[in-house]
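Peer 1: The file below is input.cif, mmCIF, C-alpha atoms:
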```cif
data_structure
loop_
_atom_site.label_atom_id
_atom_site.label_comp_id
_atom_site.auth_asym_id
_atom_site.auth_seq_id
_atom_site.Cartn_x
_atom_site.Cartn_y
_atom_site.Cartn_z
CA MET A 18 -23.43 -68.18 -10.11
CA ASN A 19 -26.48 -66.11 -10.93
CA LEU A 20 -29.20 -68.39 -12.24
CA ARG A 21 -32.32 -66.94 -13.78
CA PRO A 22 -35.60 -68.83 -13.14
CA LEU A 23 -37.25 -70.69 -15.97
CA ASP A 24 -40.12 -69.02 -17.73
CA PRO A 25 -43.31 -70.91 -16.80
CA GLN A 26 -44.91 -69.74 -20.06
CA SER A 27 -42.26 -71.47 -22.18
CA SER A 28 -43.90 -74.91 -21.96
CA ALA A 29 -47.27 -76.57 -21.60
CA LEU A 30 -46.63 -77.42 -17.97
CA PRO A 31 -48.47 -75.56 -15.21
CA SER A 32 -46.64 -72.78 -13.35
CA CYS A 33 -43.48 -74.04 -11.68
CA ALA A 34 -41.14 -73.20 -8.79
CA THR A 35 -37.42 -73.18 -9.42
CA LEU A 36 -35.30 -75.23 -7.04
CA ARG A 37 -31.93 -73.50 -6.90
CA ARG A 38 -28.71 -74.86 -5.49
CA PRO A 39 -27.95 -73.89 -1.87
CA GLY A 40 -25.97 -70.79 -1.13
CA GLY A 41 -27.73 -68.83 -3.85
CA GLU A 42 -30.00 -65.94 -3.08
CA GLY A 43 -33.54 -67.13 -2.42
CA ALA A 44 -32.49 -70.78 -2.59
CA LEU A 45 -35.10 -73.42 -1.87
CA LEU A 46 -34.31 -76.60 0.05
CA ALA A 47 -35.03 -79.22 -2.60
CA GLU A 48 -31.41 -79.21 -3.80
CA HIS A 49 -29.93 -79.05 -0.32
CA GLY A 50 -27.62 -81.99 -1.00
CA MET A 51 -25.78 -80.40 -3.97
CA ARG A 52 -22.15 -79.57 -3.30
CA ALA A 53 -21.28 -75.90 -3.40
CA THR A 54 -18.11 -76.63 -5.37
CA THR A 55 -19.86 -78.48 -8.19
CA LYS A 56 -19.10 -77.44 -11.79
CA PHE A 57 -22.75 -77.35 -12.76
CA ALA A 58 -26.16 -76.38 -11.42
CA ALA A 59 -29.19 -78.59 -11.92
CA ILE A 60 -32.43 -76.74 -11.36
CA ALA A 61 -35.48 -78.98 -11.18
CA THR A 62 -38.75 -77.12 -11.66
CA ALA A 63 -41.60 -79.12 -10.19
CA CYS A 64 -45.01 -78.39 -11.73
CA LEU A 65 -47.89 -78.86 -9.31
CA PHE A 66 -51.66 -78.67 -9.57
CA ALA A 67 -53.23 -75.25 -8.89
CA GLY A 68 -49.78 -73.67 -9.01
CA THR A 69 -48.80 -74.84 -5.49
CA VAL A 70 -45.16 -75.41 -4.64
CA ALA A 71 -43.85 -78.43 -2.75
CA GLN A 72 -40.58 -77.66 -1.01
CA ALA A 73 -38.81 -80.88 -0.08
CA GLN A 74 -36.46 -80.81 2.90
CA THR A 75 -33.87 -82.95 1.12
CA SER A 76 -32.83 -83.38 -2.48
CA PRO A 77 -35.43 -85.29 -4.48
CA TRP A 78 -32.70 -86.80 -6.66
CA VAL A 79 -31.29 -90.21 -5.79
CA ASN A 80 -28.95 -89.96 -8.77
CA LYS A 81 -27.86 -86.99 -10.88
CA PRO A 82 -24.92 -86.21 -13.17
CA SER A 83 -21.54 -85.95 -11.49
CA ASP A 84 -18.89 -83.33 -12.17
CA GLU A 85 -17.13 -85.87 -14.37
CA ASP A 86 -20.34 -86.52 -16.33
CA LEU A 87 -20.78 -82.79 -16.98
CA ALA A 88 -17.19 -82.38 -18.08
CA ALA A 89 -17.39 -85.40 -20.40
CA ALA A 90 -20.65 -84.13 -21.93
CA PHE A 91 -19.31 -80.65 -22.72
CA PRO A 92 -19.85 -80.29 -26.49
CA ARG A 93 -16.69 -80.45 -28.53
CA THR A 94 -18.08 -77.77 -30.82
CA ALA A 95 -18.62 -75.35 -27.91
CA SER A 96 -16.08 -72.64 -27.27
CA VAL A 97 -17.71 -70.95 -24.26
CA ASP A 98 -19.72 -71.83 -21.16
CA GLY A 99 -23.41 -72.51 -21.73
CA TRP A 100 -26.63 -73.96 -20.41
CA ALA A 101 -29.70 -75.86 -21.55
CA SER A 102 -33.15 -76.58 -20.13
CA ILE A 103 -34.97 -79.83 -20.75
CA GLN A 104 -38.54 -80.88 -20.00
CA CYS A 105 -39.22 -84.52 -19.11
CA ARG A 106 -41.90 -86.85 -17.94
CA ILE A 107 -41.01 -88.67 -14.76
CA LEU A 108 -41.75 -92.39 -14.45
CA PRO A 109 -43.00 -94.01 -11.21
CA SER A 110 -39.51 -95.51 -10.86
CA GLY A 111 -38.06 -91.99 -10.72
CA GLU A 112 -36.36 -92.14 -14.11
CA LEU A 113 -36.89 -89.45 -16.73
CA ASN A 114 -38.65 -90.14 -20.01
CA ALA A 115 -39.70 -88.32 -23.20
CA CYS A 116 -37.29 -85.44 -22.64
CA MET A 117 -37.16 -82.45 -24.96
CA VAL A 118 -35.09 -79.27 -25.07
CA THR A 119 -37.09 -76.18 -24.08
CA ASP A 120 -34.32 -73.58 -24.16
CA GLU A 121 -30.55 -73.28 -24.46
CA SER A 122 -27.94 -70.55 -24.45
CA SER A 123 -26.87 -71.13 -28.05
CA ILE A 124 -28.27 -73.67 -30.50
CA ASP A 125 -25.10 -73.91 -32.56
CA GLN A 126 -23.09 -74.84 -29.43
CA ARG A 127 -25.25 -77.99 -28.97
CA PHE A 128 -25.75 -77.70 -25.21
CA GLY A 129 -29.31 -78.97 -25.66
CA GLU A 130 -28.05 -82.24 -27.09
CA ALA A 131 -25.60 -82.56 -24.23
CA ALA A 132 -28.38 -82.03 -21.68
CA LEU A 133 -30.58 -84.67 -23.34
CA GLY A 134 -27.71 -87.11 -23.18
CA LEU A 135 -27.45 -86.56 -19.42
CA SER A 136 -31.15 -87.08 -18.72
CA GLU A 137 -30.59 -90.79 -18.13
CA LYS A 138 -28.30 -89.91 -15.23
CA PHE A 139 -31.23 -88.54 -13.21
CA LYS A 140 -33.38 -90.63 -10.90
CA SER A 141 -35.68 -89.26 -8.22
CA THR A 142 -37.21 -90.70 -5.10
CA PRO A 143 -40.54 -92.55 -5.61
CA GLU A 144 -42.29 -89.91 -3.50
CA PHE A 145 -41.07 -87.09 -5.72
CA ALA A 146 -42.01 -89.06 -8.84
CA ARG A 147 -45.56 -89.52 -7.59
CA ALA A 148 -45.91 -85.86 -6.65
CA GLN A 149 -44.56 -84.63 -9.99
CA SER A 150 -46.52 -86.85 -12.35
CA GLU A 151 -47.06 -83.83 -14.60
CA GLY A 152 -43.33 -83.72 -15.30
CA VAL A 153 -40.19 -81.76 -14.42
CA ARG A 154 -37.98 -79.21 -16.07
CA ILE A 155 -34.22 -79.31 -15.47
CA ARG A 156 -31.59 -76.74 -16.33
CA LEU A 157 -27.97 -77.80 -16.66
CA GLU A 158 -25.06 -75.41 -16.77
CA PHE A 159 -21.87 -76.42 -18.55
CA LEU A 160 -18.50 -74.87 -17.75
CA LYS A 161 -15.76 -75.18 -20.32
CA PRO A 162 -13.14 -77.63 -18.97
CA LEU A 163 -9.72 -76.25 -18.21
CA ASP A 164 -7.20 -76.52 -21.00
CA PRO A 165 -5.03 -79.53 -20.04
CA ILE A 166 -1.94 -77.52 -20.92
CA LEU A 167 -2.69 -75.21 -17.96
CA ILE A 168 -2.93 -78.01 -15.40
CA PRO A 169 0.35 -78.40 -13.46
CA ARG A 170 2.21 -81.56 -14.45
CA LEU A 171 3.51 -83.85 -11.72
CA ARG A 172 7.26 -84.19 -11.46
CA ALA A 173 9.33 -86.15 -8.96
CA ALA A 174 11.44 -84.34 -6.40
CA ARG A 175 14.76 -85.44 -4.96
CA PHE A 176 16.02 -84.67 -1.49
CA LYS A 177 19.31 -84.51 0.33
CA THR A 178 19.79 -87.44 2.68
CA ASP A 179 21.23 -87.64 6.15
CA LYS A 180 21.50 -90.87 8.13
CA ARG A 181 20.93 -88.96 11.34
CA TYR A 182 17.28 -88.47 10.40
CA LYS A 183 14.68 -91.21 10.07
CA LEU A 184 11.86 -88.94 9.03
CA GLY A 185 11.75 -89.63 5.31
CA PRO A 186 12.55 -87.00 2.66
CA PRO A 187 11.79 -83.98 4.92
CA GLY A 188 14.60 -84.95 7.31
CA PRO A 189 15.47 -82.04 9.63
CA TYR A 190 12.64 -79.95 8.16
CA PHE A 191 9.97 -82.17 9.71
CA PRO A 192 7.75 -79.80 11.76
CA ASP A 193 8.56 -80.11 15.45
CA ARG A 194 4.96 -80.17 16.66
CA ALA A 195 4.00 -82.83 14.10
CA PHE A 196 7.01 -84.89 15.20
CA ARG A 197 6.03 -84.67 18.86
CA TYR A 198 2.47 -85.81 18.09
CA ARG A 199 3.67 -88.36 15.50
CA GLN A 200 1.48 -86.72 12.87
CA SER A 201 1.90 -87.58 9.18
CA GLY A 202 1.03 -85.28 6.28
CA MET A 203 1.27 -84.54 2.56
CA VAL A 204 1.91 -81.38 0.54
CA LEU A 205 1.50 -80.54 -3.14
CA VAL A 206 3.50 -77.53 -4.25
CA ASP A 207 3.89 -75.88 -7.66
CA CYS A 208 7.38 -74.58 -8.50
CA LYS A 209 9.45 -73.44 -11.44
CA VAL A 210 12.77 -75.16 -12.07
CA ALA A 211 15.52 -72.56 -12.01
CA ASP A 212 18.37 -74.45 -13.70
CA ASP A 213 19.68 -77.79 -14.91
CA VAL A 214 20.68 -78.74 -11.38
CA GLY A 215 17.01 -78.75 -10.39
CA ARG A 216 16.87 -75.84 -7.97
CA LEU A 217 13.35 -74.56 -7.40
CA ARG A 218 11.98 -71.03 -7.41
CA ASP A 219 8.69 -69.14 -7.26
CA CYS A 220 7.00 -71.94 -5.33
CA ARG A 221 3.34 -71.68 -4.41
CA LEU A 222 1.25 -73.98 -2.24
CA ALA A 223 -1.41 -76.13 -3.91
CA VAL A 224 -2.52 -78.54 -1.15
CA SER A 225 -1.47 -79.22 2.44
CA VAL A 226 -3.16 -81.95 4.49
CA PRO A 227 -3.81 -81.88 7.32
CA GLU A 228 -3.69 -78.12 7.74
CA GLY A 229 -2.21 -76.36 10.72
CA TRP A 230 0.77 -78.65 11.33
CA GLY A 231 3.42 -76.64 9.50
CA PHE A 232 3.92 -79.05 6.61
CA ASP A 233 3.39 -76.30 4.03
CA GLU A 234 5.96 -74.00 5.64
CA ALA A 235 8.44 -76.88 5.86
CA VAL A 236 8.17 -77.57 2.12
CA MET A 237 8.71 -73.91 1.28
CA ARG A 238 11.90 -73.89 3.39
CA MET A 239 13.08 -77.15 1.83
CA ALA A 240 12.72 -75.65 -1.65
CA ARG A 241 14.34 -72.36 -0.65
CA ASP A 242 17.33 -74.00 1.05
CA GLY A 243 17.97 -76.54 -1.70
CA TRP A 244 17.10 -79.58 0.46
CA MET A 245 14.40 -80.36 -2.11
CA MET A 246 15.11 -80.12 -5.84
CA ALA A 247 13.50 -81.25 -9.08
CA ASP A 248 14.33 -84.65 -10.46
CA ALA A 249 14.71 -85.24 -14.21
CA GLU A 250 11.76 -84.32 -16.42
CA PRO A 251 9.34 -87.23 -16.87
CA VAL A 252 9.77 -88.94 -20.23
CA GLY A 253 7.04 -88.13 -22.74
CA THR A 254 5.58 -85.26 -20.69
CA PRO A 255 5.82 -81.82 -22.30
CA ALA A 256 6.93 -78.92 -20.13
CA PRO A 257 4.09 -76.84 -18.67
CA ALA A 258 3.21 -73.73 -20.63
CA ASP A 259 3.57 -71.50 -17.56
CA GLY A 260 6.71 -73.26 -16.33
CA TYR A 261 5.15 -74.59 -13.11
CA TRP A 262 5.69 -78.23 -12.18
CA ARG A 263 3.79 -79.91 -9.34
CA PHE A 264 5.75 -81.75 -6.66
CA ARG A 265 4.45 -84.05 -3.95
CA VAL A 266 6.14 -84.26 -0.55
CA ASP A 267 5.10 -86.96 1.91
CA PHE A 268 5.71 -86.62 5.63
CA PRO A 269 5.61 -90.21 7.02
CA ARG A 270 4.49 -90.82 10.57
CA PRO A 271 7.57 -90.36 12.77
CA PRO A 272 8.94 -93.50 14.41
CA TYR A 273 8.62 -93.77 18.16
CA ASP A 274 11.49 -92.15 20.03
CA TRP A 275 11.42 -92.85 23.78
CA ARG A 276 13.56 -89.80 24.50
CA MET A 277 10.97 -87.55 22.89
CA HIS A 278 7.64 -89.37 22.90
CA SER A 279 7.80 -90.54 26.49
CA ARG A 280 7.60 -86.93 27.62
CA PRO A 281 4.24 -85.22 28.25
CA LEU A 282 2.88 -83.70 25.05
CA PRO A 283 2.66 -79.91 24.92
CA LYS A 284 -0.81 -78.46 25.24
#
```
Would you put the structure from the file into structure tokens?

Peer 2:
Amino acid sequence: MNLRPLDPQSSALPSCATLRRPGGEGALLAEHGMRATTKFAAIATACLFAGTVAQAQTSPWVNKPSDEDLAAAFPRTASVDGWASIQCRILPSGELNACMVTDESSIDQRFGEAALGLSEKFKSTPEFARAQSEGVRIRLEFLKPLDPILIPRLRAARFKTDKRYKLGPPGPYFPDRAFRYRQSGMVLVDCKVADDVGRLRDCRLAVSVPEGWGFDEAVMRMARDGWMMADAEPVGTPAPADGYWRFRVDFPRPPYDWRMHSRPLPK
């Protein structure tokens, strides 16, 4: 995400240095601990005497809003993504105080109010609080949450059974290498239900853990061959708008088989 630096002339604070999240162009190290997959960017602008910049080697924040906090704070009146910048005093304890909105993408979307509400979620290290006694400026970016109707709904799957196999629902589709190493796994797959019988079509992989053991390929074959089919629709759950249901397939750890597991494992 392209984040523009805050304008040092927009407040009474001395000139500041923007601390961007890692991975961005020209990123500083003060926000090194922020996850790259986060749904928001918090940019703390530390104002120092004589315009000098202190670049911490680790994040100065002990606590900061989580992804869930940002999603919950997204204004109900907002229809698009937005951002807001707040200016706060920082107490010796590291907590923020006397916060005010300095700028926001759109006043009528109320992102400034949302940012003020999240200020209590921030707490810095004592060292950072002492160094930034003049105050800090923080910019929060809000991404509109996904429409729940677009999130795949979980639906149970049913499998053919065969007493010859003791490998759980996957049965004969259990990947050979995973069986030899007695490796368990789990797959989430999104499929459309083709008919009332429950046959699956147009399947696409969502998650496969651990990767590289063939669990994802096994599930695709199970769906294609009819070994795995959709169970009845869950009661009280509306059908997905795009027709895709999410199915979970567990691959339990294979039981010990002396005929197979007593042999040297392949390299």

Peer 1: I need the residue set behind the PyMOL selection byres ((chain A and resi 214) around 8) for this file; please write it as a list in words.

Peer 2: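 Selected by the PyMOL selection byres ((chain A and resi 214) around 8) in this file: Asp212, Asp213, Gly215, Arg216, Met246 and Ala247 of chain A.
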
Peer 1: What does the file look like for those residues with C-alpha atoms, as a PDB file, keeping the file's coordinate frame?

Peer 2:
```pdb
ATOM      1  CA  ASP A 212      18.370 -74.450 -13.700  1.00  0.00           C
ATOM      2  CA  ASP A 213      19.680 -77.790 -14.910  1.00  0.00           C
ATOM      3  CA  GLY A 215      17.010 -78.750 -10.390  1.00  0.00           C
ATOM      4  CA  ARG A 216      16.870 -75.840  -7.970  1.00  0.00           C
ATOM      5  CA  MET A 246      15.110 -80.120  -5.840  1.00  0.00           C
ATOM      6  CA  ALA A 247      13.500 -81.250  -9.080  1.00  0.00           C
TER       7      ALA A 247
END
```

Peer 1: Of the candidates A:Lys138, A:Arg197, A:Arg265, A:Arg218, which shows the shortest atom-to-atom distance to A:Phe176, using all atoms listed in the file?

Peer 2: A:Arg265

Peer 1: Output the residue selection produced by the PyMOL selection byres ((chain A and resi 192) around 10) on the file above, formatted as a list in words.

Peer 2: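 Here the PyMOL selection byres ((chain A and resi 192) around 10) matches Pro187, Gly188, Pro189, Tyr190, Phe191, Asp193, Arg194, Ala195, Phe196, Arg197, Gln200, Trp230, Gly231, Phe232, Asp233, Glu234, Ala235, Val236 and Phe268 of chain A.
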
Peer 1: Suppose a student applies the PyMOL selection byres ((chain A and resi 203) around 9) to this structure; what residues should they get, written as a list of chain:residue names?

Peer 2: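 Output from the PyMOL selection byres ((chain A and resi 203) around 9), applied to this file: A:Ser201, A:Gly202, A:Val204, A:Leu205, A:Val224, A:Ser225, A:Val226, A:Pro227, A:Phe232, A:Asp233, A:Arg265, A:Val266, A:Asp267, A:Phe268, A:Pro269.
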
Peer 1: To one decimal in Å, tell me the separation between atom CA of A:Asn114 and atom CA of A:Lys81.

Peer 2: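 So the answer is 14.5 Å.
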
Peer 1: Rounded to one decimal, what separation in Å do you get between atom CA of A:Pro257 and atom CA of A:Leu171?

Peer 2: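 Between atom CA of A:Pro257 and atom CA of A:Leu171 the gap works out to 9.9 Å.
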
Peer 1: Between atom CA of A:Asp125 and atom CA of A:Arg156, what is the distance in Å, rounded to a tenth?

Peer 2: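 Computing it gives 17.7 Å between the two atoms.
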
Peer 1: Can you list, as a PyMOL selection string, every protein, DNA or RNA residue that comes within 8 Å of A:Phe91 when you count only C-alpha atoms, leaving out same-chain residues fewer than 3 positions away?

Peer 2: chain A and resi 87-88+95+128+131+159-162

Peer 1: Using only C-alpha atoms, pick whichever of A:Asp84, A:Glu250, A:Glu112, A:Asp98 has the shortest atom-to-atom distance to A:Gly152.

Peer 2: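 Selected residue with least distance to A:Gly152: A:Glu112.
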
Peer 1: Which residue is closest to A:Pro255? Choose from A:Trp100, A:Arg154, A:Gly134, A:Arg170 and count all atoms listed in the file.

Peer 2: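 Result for the nearest residue to A:Pro255: A:Arg170.
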
Peer 1: Quick one: everything within 8 Å of A:Leu135, counting all atoms listed in the file, minus sequence neighbours fewer than 6 positions away in the same chain. Send it as a list in words.

Peer 2: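 Surrounding residues, per the criterion: Pro82, Asp86 and Ala90 of chain A.
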
Peer 1: Between A:Ser123, A:Gly253, A:Thr178, A:Arg270, which has the minimum distance to A:Ser96 (counting only C-alpha atoms)?

Peer 2: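 For A:Ser96, the nearest of the candidates is A:Ser123.
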
Peer 1: Quick one: residues within 7 Å of A:Cys105, all atoms listed in the file counted, chain neighbours fewer than 2 positions away excluded, as a ChimeraX atom specification?

Peer 2: /A:103,107,113-117,152-154

Peer 1: Let me make sure I understand: among A:Phe139, A:Glu228, A:Arg172, A:Pro272, which one has the smallest atom-to-atom distance to A:Ser83 if we use all atoms listed in the file?

Peer 2: A:Phe139

Peer 1: Counting all atoms listed in the file, which of A:Glu144, A:Gln104, A:Glu151, A:Thr94 gets nearest to A:Gln126?

Peer 2: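 Selected residue with least distance to A:Gln126: A:Thr94.
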